Structures are given as structure tokens and as C-alpha cells.
Amino acid sequence: MTIEPNQILETRKIVPPEVWANSNAQWGDRWPHSMAVLAAANMVGPPYPAAHDTIPIAYRSFAEIANRGGVVEATGAEREAVMALEIEPITLNLREDVTNYLELRSSVSAEVEPSVKQEVFRMAMLIIDRVKRGGELGVKVNPLRSAPNLSDLNALLVRKWSEQGGRCALCGGALMAGGANKMLQPSADRTDSANGSYDDANVAITHLACNLAKNKYGLDEFEDWLSILRGVDL
């Protein structure tokens with residue numbers, strides 16, 4: 001199995017609710033915090049390989065008093081022998097708190113270009129500001145909006161950028177990170193403008209010009225305009 005060692009979560013937020021309820025009924029709140037299992041597999045069998053044949057040195061070391069009840073590491077050729085065993089992956093349904101953490105971690109990965117991170121942070125801050133101003137009186141009443149916290153919003157937008165392949169969700173053109181042309185500036189668009197929520201189901205990244213045009217004239221007229229630009233007869 002693969003364990004996530006960098007974050008400790010409440011056990012009740014990691015395991016299925018029925019497992020937590022059964023554990024509490026039998027043992028009480030004995031294990032309040034845990035580290036999440038991200039991947040797991042079973043050895044193929046029976047018959048199963050004998051430990052004393054596969055890892056003889058590590059297996060014998062269990063007899064030492066210092067190792068009783070503990071963990072012994074298989075190293076060198078013995079580790080290679082363990083890793084070569086045939087396995088069947090186990091399908092895990094990771095709970096929301098675990099997947100949220102993994103998404104947050106991936107959003108700050110060195111693999112994400114710094115310019116993309118900067119654009120995402122700028123969009124996230126604009127969303128947070130819009131949410132704060134929801135319901136305020138001005139020349140008009142700002143619509144009520146909702147969004148995750150800033151770190152979760154950053155993670156969401158980085159994932160959306162990746163899922164969209166770095167392309168505008170409306171016109172399909174390349175998104176420009178850090179460019180000077182404001183019309184091409186990446187913009188967080190609510191897919192359903194009547195829905196004030198900036199969440200996974202209702203957010204896409206577009207060019208600012210595409211976003212403004214769609215919001216002002218509607219999706220049908222925007223798509224007609226786009227077809228004309230592409231040389232398609234209506």
C-alpha cells in the first residue's frame with residue numbers, strides 16, 4: 001500500500017462512515033487520527049509465497065527481541081523480490097478530505113508553471129473579492145456568490161487549467177499566462193451565470209474577452225459570432 005505521510009487527518013474523515021461507527025462501537029474513539037492510504041493491492045493467491053523463502057534475512061530478523069511487534073524493512077535483493085510479486089490493485093474510494101488535500105498538493109507542485117500559478121492566484125483573489133462584495137449596495141446590487149477558501153480555489157483552478165489542456169473553455173484557443181493583452185487574460189467563468197457558486201461543477205477558465213462577450217450577449221449569440229470568425233456560414 002501507499003501511505004500519505006505529509007498530512008494527518010481525523011480518522012472519521014478518512015474511512016467510510018459505517019466503518020467508523022463499527023469501530024467506535026467496538027473500541028471507542030481509540031484511533032482519532034490517521035494517515036490516509038492512497039493506493040493498495042493484494043498479493044495474487046492462493047497459494048501465496050512463503051515469507052521465509054522470499055525474504056529469508058528479513059524474516060529471520062523478526063526473532064530478534066528489538067523487532068518483535070514492529071516492522072522490518074526488506075532491502076536489496078529481498079526488496080526486489082517483494083516488488084516482483086504478482087499483485088491485484090484494490091479500488092479505493094478516497095474520502096473528500098483526502099482528495100482535497102491531494103488536489104491542493106498538486107496545485108503547488110513544481111510541475112505547474114510559475115506563470116500559471118500566478119494567473120490562478122490572480123483569478124482566485126478576484127473570485128474571493130466578488131464573493132465578499134456579494135449583496136453590497138452600489139450603483140447596482142452585487143449578486144450573491146459563494147466559493148471555497150483561497151487555497152482550495154487555487155487548487156481547483158490549477159486542475160481546471162490542466163483538464164482543459166491550457167485552452168479556453170469557450171473558444172478553444174490557447175490560454176496565455178502572464179500576457180499583456182487584457183482580452184486574452186485568463187478569466188474564471190461561471191458556466192451557469194445564474195448560479196452564484198464558484199465550484200467544480202460551475203467553473204471553467206476562459207479568455208476574458210470570451211467571458212465578457214458570453215455574459216453580455218448570451219451563449220447562442222457568442223457562438224454565432226465565433227462561427228463567423230472561423231469562416232463558418234450560419
# chains A, B, ... in the order shown; residues from 1 in each chain; ligands from 1
call {"tool": "residues_around", "arguments": {"residues": "Gly196 of chain A", "least_positions_apart": "5", "cutoff": "8 Å", "atoms": "only C-alpha atoms", "output": "MDAnalysis selection string"}}
result
chainID A and resid 143:146 190
call {"tool": "residues_around", "arguments": {"residues": "Asp192 of chain A", "least_positions_apart": "4", "cutoff": "12 Å", "atoms": "only C-alpha atoms", "output": "mmCIF file with N, CA and C atoms, in the first residue's frame"}}
result
data_model
loop_
_atom_site.group_PDB
_atom_site.id
_atom_site.type_symbol
_atom_site.label_atom_id
_atom_site.label_comp_id
_atom_site.auth_asym_id
_atom_site.auth_seq_id
_atom_site.Cartn_x
_atom_site.Cartn_y
_atom_site.Cartn_z
ATOM 1 N N GLY A 196 -24.575 31.309 -8.517
ATOM 2 C CA GLY A 196 -23.515 32.158 -7.957
ATOM 3 C C GLY A 196 -22.351 31.398 -7.374
ATOM 4 N N SER A 197 -22.329 30.081 -7.511
ATOM 5 C CA SER A 197 -21.289 29.275 -6.866
ATOM 6 C C SER A 197 -20.088 29.064 -7.780
ATOM 7 N N TYR A 198 -18.900 29.354 -7.252
ATOM 8 C CA TYR A 198 -17.656 29.031 -7.942
ATOM 9 C C TYR A 198 -17.192 27.663 -7.427
ATOM 10 N N ASP A 199 -17.762 26.596 -7.974
ATOM 11 C CA ASP A 199 -17.376 25.263 -7.532
ATOM 12 C C ASP A 199 -16.984 24.420 -8.736
ATOM 13 N N ASP A 200 -16.624 23.182 -8.483
ATOM 14 C CA ASP A 200 -16.103 22.309 -9.527
ATOM 15 C C ASP A 200 -17.052 22.190 -10.709
ATOM 16 N N ALA A 201 -18.345 22.096 -10.430
ATOM 17 C CA ALA A 201 -19.321 21.876 -11.497
ATOM 18 C C ALA A 201 -19.663 23.146 -12.258
ATOM 19 N N ASN A 202 -19.273 24.311 -11.729
ATOM 20 C CA ASN A 202 -19.755 25.565 -12.314
ATOM 21 C C ASN A 202 -18.641 26.536 -12.677
ATOM 22 N N VAL A 203 -17.406 26.051 -12.749
ATOM 23 C CA VAL A 203 -16.281 26.936 -13.069
ATOM 24 C C VAL A 203 -15.504 26.392 -14.255
ATOM 25 N N ALA A 204 -15.163 27.275 -15.172
ATOM 26 C CA ALA A 204 -14.271 26.962 -16.283
ATOM 27 C C ALA A 204 -13.376 28.168 -16.496
ATOM 28 N N ASN A 211 -15.379 35.516 -22.025
ATOM 29 C CA ASN A 211 -16.240 35.536 -20.839
ATOM 30 C C ASN A 211 -17.177 36.743 -20.880
ATOM 31 N N LYS A 214 -19.806 36.408 -23.760
ATOM 32 C CA LYS A 214 -20.853 35.425 -23.456
ATOM 33 C C LYS A 214 -21.828 35.980 -22.427
ATOM 34 N N ASN A 215 -21.271 36.644 -21.383
ATOM 35 C CA ASN A 215 -22.136 37.180 -20.326
ATOM 36 C C ASN A 215 -23.026 38.309 -20.828
ATOM 37 N N GLY A 218 -25.050 36.448 -24.285
ATOM 38 C CA GLY A 218 -25.601 35.093 -24.204
ATOM 39 C C GLY A 218 -24.789 34.109 -25.018
ATOM 40 N N LEU A 219 -24.872 32.846 -24.660
ATOM 41 C CA LEU A 219 -24.053 31.811 -25.289
ATOM 42 C C LEU A 219 -24.407 31.619 -26.762
#
call {"tool": "residues_around", "arguments": {"residues": "segment 29-33 of chain A", "least_positions_apart": "3", "cutoff": "10 Å", "atoms": "only C-alpha atoms", "output": "list in words"}}
result
Ile8, Leu9, Glu10, Thr11, Arg12, Lys13, Ile14, Trp20, Ala21, Ser23, Asn24, Ala25, Gln26 and Ala36 of chain A
call {"tool": "write_last_selection", "arguments": {"atoms": "C-alpha atoms", "output": "mmCIF file, in the first residue's frame"}}
result
data_model
loop_
_atom_site.group_PDB
_atom_site.id
_atom_site.type_symbol
_atom_site.label_atom_id
_atom_site.label_comp_id
_atom_site.auth_asym_id
_atom_site.auth_seq_id
_atom_site.Cartn_x
_atom_site.Cartn_y
_atom_site.Cartn_z
ATOM 1 C CA ILE A 8 -2.605 13.583 9.474
ATOM 2 C CA LEU A 9 -6.401 13.673 9.278
ATOM 3 C CA GLU A 10 -9.234 12.784 11.604
ATOM 4 C CA THR A 11 -9.860 9.068 11.083
ATOM 5 C CA ARG A 12 -13.614 9.645 10.775
ATOM 6 C CA LYS A 13 -12.902 11.793 7.690
ATOM 7 C CA ILE A 14 -10.798 9.082 6.035
ATOM 8 C CA TRP A 20 -16.045 4.445 11.757
ATOM 9 C CA ALA A 21 -19.352 3.708 13.502
ATOM 10 C CA SER A 23 -15.009 0.800 15.189
ATOM 11 C CA ASN A 24 -16.358 3.259 17.751
ATOM 12 C CA ALA A 25 -18.969 0.770 18.898
ATOM 13 C CA GLN A 26 -16.316 -1.877 19.494
ATOM 14 C CA ALA A 36 -4.620 8.062 4.544
#
call {"tool": "closest_residue", "arguments": {"among": "A:Met35, A:Ala77, A:Leu226, A:Ala41", "to": "Gly172 of chain A", "atoms": "only C-alpha atoms"}}
result
A:Leu226
call {"tool": "select_by_dssp", "arguments": {"residues": "segment 158-204 of chain A", "states": "alpha helix (DSSP H)", "output": "PyMOL selection string"}}
result
chain A and resi 158-163
call {"tool": "residues_around", "arguments": {"residues": "segment 80-83 of chain A", "least_positions_apart": "2", "cutoff": "12 Å", "atoms": "only C-alpha atoms", "output": "list in words"}}
result
Met1, Ala41, Met43, Pro49, Ala50, Ala51, His52, Asp53, Thr54, Ile55, Pro56, Ala58, Glu73, Ala74, Thr75, Gly76, Ala77, Glu78, Leu85, Glu86 and Ile87 of chain A
call {"tool": "write_last_selection", "arguments": {"atoms": "C-alpha atoms", "output": "PDB file, in the first residue's frame"}}
result
ATOM      1  CA  MET A   1       0.000   0.000   0.000  1.00  0.00           C
ATOM      2  CA  ALA A  41      -3.111  -4.099  -3.602  1.00  0.00           C
ATOM      3  CA  MET A  43      -0.973 -10.490  -3.463  1.00  0.00           C
ATOM      4  CA  PRO A  49       4.589 -17.022  -1.484  1.00  0.00           C
ATOM      5  CA  ALA A  50       6.229 -18.105   1.764  1.00  0.00           C
ATOM      6  CA  ALA A  51       7.915 -15.229   3.606  1.00  0.00           C
ATOM      7  CA  HIS A  52      10.873 -17.394   4.690  1.00  0.00           C
ATOM      8  CA  ASP A  53      11.573 -18.185   1.013  1.00  0.00           C
ATOM      9  CA  THR A  54      11.028 -14.683  -0.421  1.00  0.00           C
ATOM     10  CA  ILE A  55      12.743 -12.596   2.303  1.00  0.00           C
ATOM     11  CA  PRO A  56      14.768 -15.064   4.427  1.00  0.00           C
ATOM     12  CA  ALA A  58      14.247 -10.028   6.987  1.00  0.00           C
ATOM     13  CA  GLU A  73      12.416  -3.487   6.166  1.00  0.00           C
ATOM     14  CA  ALA A  74      13.262  -5.763   3.250  1.00  0.00           C
ATOM     15  CA  THR A  75      16.283  -4.298   1.467  1.00  0.00           C
ATOM     16  CA  GLY A  76      18.402  -5.038  -1.589  1.00  0.00           C
ATOM     17  CA  ALA A  77      17.575  -8.253  -3.430  1.00  0.00           C
ATOM     18  CA  GLU A  78      14.854  -9.082  -0.901  1.00  0.00           C
ATOM     19  CA  LEU A  85       5.406 -10.486  -6.644  1.00  0.00           C
ATOM     20  CA  GLU A  86       2.184 -10.561  -8.656  1.00  0.00           C
ATOM     21  CA  ILE A  87      -0.495  -8.275  -7.194  1.00  0.00           C
TER      22      ILE A  87
END
call {"tool": "closest_residue", "arguments": {"among": "A:Val116, A:Met183, A:Leu104, A:Leu156", "to": "Thr206 of chain A", "atoms": "only C-alpha atoms"}}
result
A:Met183
call {"tool": "decode", "arguments": {"residues": "segment 69-215 of chain A", "atoms": "C-alpha atoms", "output": "PDB file, in the first residue's frame"}}
result
ATOM      1  CA  GLY A  69       5.760  -6.387  17.281  1.00  0.00           C
ATOM      2  CA  GLY A  70       7.474  -3.959  14.933  1.00  0.00           C
ATOM      3  CA  VAL A  71       8.273  -3.549  11.259  1.00  0.00           C
ATOM      4  CA  VAL A  72      11.288  -4.983   9.459  1.00  0.00           C
ATOM      5  CA  GLU A  73      12.416  -3.487   6.166  1.00  0.00           C
ATOM      6  CA  ALA A  74      13.262  -5.763   3.250  1.00  0.00           C
ATOM      7  CA  THR A  75      16.283  -4.298   1.467  1.00  0.00           C
ATOM      8  CA  GLY A  76      18.402  -5.038  -1.589  1.00  0.00           C
ATOM      9  CA  ALA A  77      17.575  -8.253  -3.430  1.00  0.00           C
ATOM     10  CA  GLU A  78      14.854  -9.082  -0.901  1.00  0.00           C
ATOM     11  CA  ARG A  79      13.044  -5.821  -1.612  1.00  0.00           C
ATOM     12  CA  GLU A  80      13.282  -6.526  -5.339  1.00  0.00           C
ATOM     13  CA  ALA A  81      11.827  -9.990  -4.718  1.00  0.00           C
ATOM     14  CA  VAL A  82       8.852  -8.490  -2.854  1.00  0.00           C
ATOM     15  CA  MET A  83       8.248  -5.844  -5.515  1.00  0.00           C
ATOM     16  CA  ALA A  84       8.283  -8.537  -8.224  1.00  0.00           C
ATOM     17  CA  LEU A  85       5.406 -10.486  -6.644  1.00  0.00           C
ATOM     18  CA  GLU A  86       2.184 -10.561  -8.656  1.00  0.00           C
ATOM     19  CA  ILE A  87      -0.495  -8.275  -7.194  1.00  0.00           C
ATOM     20  CA  GLU A  88      -4.081  -7.192  -7.822  1.00  0.00           C
ATOM     21  CA  PRO A  89      -4.815  -3.456  -7.236  1.00  0.00           C
ATOM     22  CA  ILE A  90      -7.632  -2.648  -4.809  1.00  0.00           C
ATOM     23  CA  THR A  91     -10.098   0.045  -5.881  1.00  0.00           C
ATOM     24  CA  LEU A  92     -10.231   2.716  -3.165  1.00  0.00           C
ATOM     25  CA  ASN A  93     -12.953   5.341  -2.831  1.00  0.00           C
ATOM     26  CA  LEU A  94     -10.988   8.170  -1.229  1.00  0.00           C
ATOM     27  CA  ARG A  95     -12.990  10.462   1.032  1.00  0.00           C
ATOM     28  CA  GLU A  96     -13.405  14.162   0.204  1.00  0.00           C
ATOM     29  CA  ASP A  97     -10.848  15.412   2.757  1.00  0.00           C
ATOM     30  CA  VAL A  98      -8.185  13.151   1.261  1.00  0.00           C
ATOM     31  CA  THR A  99      -8.866  14.112  -2.350  1.00  0.00           C
ATOM     32  CA  ASN A 100      -8.984  17.809  -1.410  1.00  0.00           C
ATOM     33  CA  TYR A 101      -5.529  17.543   0.166  1.00  0.00           C
ATOM     34  CA  LEU A 102      -4.105  15.705  -2.862  1.00  0.00           C
ATOM     35  CA  GLU A 103      -5.543  18.371  -5.166  1.00  0.00           C
ATOM     36  CA  LEU A 104      -4.084  21.141  -3.025  1.00  0.00           C
ATOM     37  CA  ARG A 105      -0.664  19.471  -3.041  1.00  0.00           C
ATOM     38  CA  SER A 106      -0.709  19.015  -6.811  1.00  0.00           C
ATOM     39  CA  SER A 107      -1.594  22.701  -7.289  1.00  0.00           C
ATOM     40  CA  VAL A 108       1.696  23.796  -5.697  1.00  0.00           C
ATOM     41  CA  SER A 109       3.767  21.144  -7.476  1.00  0.00           C
ATOM     42  CA  ALA A 110       6.960  22.232  -9.213  1.00  0.00           C
ATOM     43  CA  GLU A 111       5.489  20.722 -12.384  1.00  0.00           C
ATOM     44  CA  VAL A 112       2.946  23.574 -12.588  1.00  0.00           C
ATOM     45  CA  GLU A 113       4.477  26.520 -14.438  1.00  0.00           C
ATOM     46  CA  PRO A 114       5.047  29.609 -12.228  1.00  0.00           C
ATOM     47  CA  SER A 115       3.175  31.806 -14.731  1.00  0.00           C
ATOM     48  CA  VAL A 116       0.136  29.518 -14.469  1.00  0.00           C
ATOM     49  CA  LYS A 117       0.307  29.656 -10.658  1.00  0.00           C
ATOM     50  CA  GLN A 118       0.388  33.468 -10.823  1.00  0.00           C
ATOM     51  CA  GLU A 119      -2.627  33.595 -13.152  1.00  0.00           C
ATOM     52  CA  VAL A 120      -4.552  31.155 -10.968  1.00  0.00           C
ATOM     53  CA  PHE A 121      -3.797  33.158  -7.815  1.00  0.00           C
ATOM     54  CA  ARG A 122      -4.935  36.370  -9.545  1.00  0.00           C
ATOM     55  CA  MET A 123      -8.215  34.714 -10.633  1.00  0.00           C
ATOM     56  CA  ALA A 124      -8.737  33.210  -7.179  1.00  0.00           C
ATOM     57  CA  MET A 125      -8.297  36.603  -5.497  1.00  0.00           C
ATOM     58  CA  LEU A 126     -10.795  38.181  -7.921  1.00  0.00           C
ATOM     59  CA  ILE A 127     -13.317  35.459  -7.055  1.00  0.00           C
ATOM     60  CA  ILE A 128     -12.771  35.936  -3.311  1.00  0.00           C
ATOM     61  CA  ASP A 129     -13.331  39.693  -3.774  1.00  0.00           C
ATOM     62  CA  ARG A 130     -16.526  39.115  -5.770  1.00  0.00           C
ATOM     63  CA  VAL A 131     -17.832  36.763  -3.092  1.00  0.00           C
ATOM     64  CA  LYS A 132     -17.099  39.326  -0.357  1.00  0.00           C
ATOM     65  CA  ARG A 133     -18.933  42.062  -2.272  1.00  0.00           C
ATOM     66  CA  GLY A 134     -21.992  39.902  -2.879  1.00  0.00           C
ATOM     67  CA  GLY A 135     -25.149  41.696  -1.693  1.00  0.00           C
ATOM     68  CA  GLU A 136     -23.441  45.084  -1.272  1.00  0.00           C
ATOM     69  CA  LEU A 137     -25.345  48.135  -2.452  1.00  0.00           C
ATOM     70  CA  GLY A 138     -23.793  50.283  -5.123  1.00  0.00           C
ATOM     71  CA  VAL A 139     -24.970  51.525  -8.479  1.00  0.00           C
ATOM     72  CA  LYS A 140     -26.441  48.041  -8.635  1.00  0.00           C
ATOM     73  CA  VAL A 141     -26.807  45.213  -6.101  1.00  0.00           C
ATOM     74  CA  ASN A 142     -23.924  42.786  -6.479  1.00  0.00           C
ATOM     75  CA  PRO A 143     -25.285  39.239  -6.895  1.00  0.00           C
ATOM     76  CA  LEU A 144     -24.707  36.783  -4.067  1.00  0.00           C
ATOM     77  CA  ARG A 145     -21.861  34.406  -4.792  1.00  0.00           C
ATOM     78  CA  SER A 146     -20.024  31.605  -2.981  1.00  0.00           C
ATOM     79  CA  ALA A 147     -16.602  29.987  -3.329  1.00  0.00           C
ATOM     80  CA  PRO A 148     -14.192  27.677  -1.483  1.00  0.00           C
ATOM     81  CA  ASN A 149     -11.373  29.153   0.607  1.00  0.00           C
ATOM     82  CA  LEU A 150      -8.396  30.627  -1.244  1.00  0.00           C
ATOM     83  CA  SER A 151      -6.128  27.554  -1.107  1.00  0.00           C
ATOM     84  CA  ASP A 152      -8.899  25.205  -2.296  1.00  0.00           C
ATOM     85  CA  LEU A 153      -9.820  27.712  -5.010  1.00  0.00           C
ATOM     86  CA  ASN A 154      -6.203  27.792  -6.205  1.00  0.00           C
ATOM     87  CA  ALA A 155      -6.159  24.000  -6.360  1.00  0.00           C
ATOM     88  CA  LEU A 156      -9.467  23.932  -8.257  1.00  0.00           C
ATOM     89  CA  LEU A 157      -8.287  26.438 -10.877  1.00  0.00           C
ATOM     90  CA  VAL A 158      -4.936  24.689 -11.414  1.00  0.00           C
ATOM     91  CA  ARG A 159      -6.817  21.420 -12.013  1.00  0.00           C
ATOM     92  CA  LYS A 160      -9.256  23.115 -14.389  1.00  0.00           C
ATOM     93  CA  TRP A 161      -6.339  24.614 -16.356  1.00  0.00           C
ATOM     94  CA  SER A 162      -4.841  21.118 -16.675  1.00  0.00           C
ATOM     95  CA  GLU A 163      -8.144  19.401 -17.533  1.00  0.00           C
ATOM     96  CA  GLN A 164      -8.799  21.986 -20.258  1.00  0.00           C
ATOM     97  CA  GLY A 165      -5.335  21.408 -21.693  1.00  0.00           C
ATOM     98  CA  GLY A 166      -4.466  25.091 -21.246  1.00  0.00           C
ATOM     99  CA  ARG A 167      -7.279  26.120 -23.613  1.00  0.00           C
ATOM    100  CA  CYS A 168     -10.264  28.447 -23.281  1.00  0.00           C
ATOM    101  CA  ALA A 169     -13.424  26.561 -22.372  1.00  0.00           C
ATOM    102  CA  LEU A 170     -15.477  28.774 -24.722  1.00  0.00           C
ATOM    103  CA  CYS A 171     -13.450  29.266 -27.920  1.00  0.00           C
ATOM    104  CA  GLY A 172     -10.838  26.506 -27.549  1.00  0.00           C
ATOM    105  CA  GLY A 173      -7.944  28.893 -28.108  1.00  0.00           C
ATOM    106  CA  ALA A 174      -4.742  28.745 -26.057  1.00  0.00           C
ATOM    107  CA  LEU A 175      -4.816  30.424 -22.645  1.00  0.00           C
ATOM    108  CA  MET A 176      -1.995  32.963 -22.248  1.00  0.00           C
ATOM    109  CA  ALA A 177      -0.404  33.042 -18.796  1.00  0.00           C
ATOM    110  CA  GLY A 178       1.218  36.387 -17.988  1.00  0.00           C
ATOM    111  CA  GLY A 179       0.405  38.035 -21.314  1.00  0.00           C
ATOM    112  CA  ALA A 180      -0.111  41.785 -21.710  1.00  0.00           C
ATOM    113  CA  ASN A 181      -3.262  41.580 -23.857  1.00  0.00           C
ATOM    114  CA  LYS A 182      -6.185  42.015 -21.454  1.00  0.00           C
ATOM    115  CA  MET A 183      -8.631  40.439 -23.911  1.00  0.00           C
ATOM    116  CA  LEU A 184      -6.603  37.208 -23.735  1.00  0.00           C
ATOM    117  CA  GLN A 185      -6.248  37.335 -19.949  1.00  0.00           C
ATOM    118  CA  PRO A 186      -7.442  34.086 -18.331  1.00  0.00           C
ATOM    119  CA  SER A 187     -10.766  34.534 -16.549  1.00  0.00           C
ATOM    120  CA  ALA A 188     -12.703  32.242 -14.192  1.00  0.00           C
ATOM    121  CA  ASP A 189     -16.151  31.853 -15.773  1.00  0.00           C
ATOM    122  CA  ARG A 190     -19.248  30.518 -14.043  1.00  0.00           C
ATOM    123  CA  THR A 191     -20.689  28.088 -16.592  1.00  0.00           C
ATOM    124  CA  ASP A 192     -24.209  28.838 -15.373  1.00  0.00           C
ATOM    125  CA  SER A 193     -24.250  32.580 -14.736  1.00  0.00           C
ATOM    126  CA  ALA A 194     -27.478  32.269 -12.747  1.00  0.00           C
ATOM    127  CA  ASN A 195     -25.648  30.022 -10.291  1.00  0.00           C
ATOM    128  CA  GLY A 196     -23.515  32.158  -7.957  1.00  0.00           C
ATOM    129  CA  SER A 197     -21.289  29.275  -6.866  1.00  0.00           C
ATOM    130  CA  TYR A 198     -17.656  29.031  -7.942  1.00  0.00           C
ATOM    131  CA  ASP A 199     -17.376  25.263  -7.532  1.00  0.00           C
ATOM    132  CA  ASP A 200     -16.103  22.309  -9.527  1.00  0.00           C
ATOM    133  CA  ALA A 201     -19.321  21.876 -11.497  1.00  0.00           C
ATOM    134  CA  ASN A 202     -19.755  25.565 -12.314  1.00  0.00           C
ATOM    135  CA  VAL A 203     -16.281  26.936 -13.069  1.00  0.00           C
ATOM    136  CA  ALA A 204     -14.271  26.962 -16.283  1.00  0.00           C
ATOM    137  CA  ILE A 205     -11.295  29.059 -17.380  1.00  0.00           C
ATOM    138  CA  THR A 206     -11.814  31.250 -20.452  1.00  0.00           C
ATOM    139  CA  HIS A 207     -10.323  34.274 -22.148  1.00  0.00           C
ATOM    140  CA  LEU A 208     -11.592  37.466 -20.522  1.00  0.00           C
ATOM    141  CA  ALA A 209     -12.984  38.654 -23.879  1.00  0.00           C
ATOM    142  CA  CYS A 210     -14.878  35.386 -24.379  1.00  0.00           C
ATOM    143  CA  ASN A 211     -16.240  35.536 -20.839  1.00  0.00           C
ATOM    144  CA  LEU A 212     -17.434  39.138 -21.180  1.00  0.00           C
ATOM    145  CA  ALA A 213     -18.983  38.532 -24.606  1.00  0.00           C
ATOM    146  CA  LYS A 214     -20.853  35.425 -23.456  1.00  0.00           C
ATOM    147  CA  ASN A 215     -22.136  37.180 -20.326  1.00  0.00           C
TER     148      ASN A 215
END
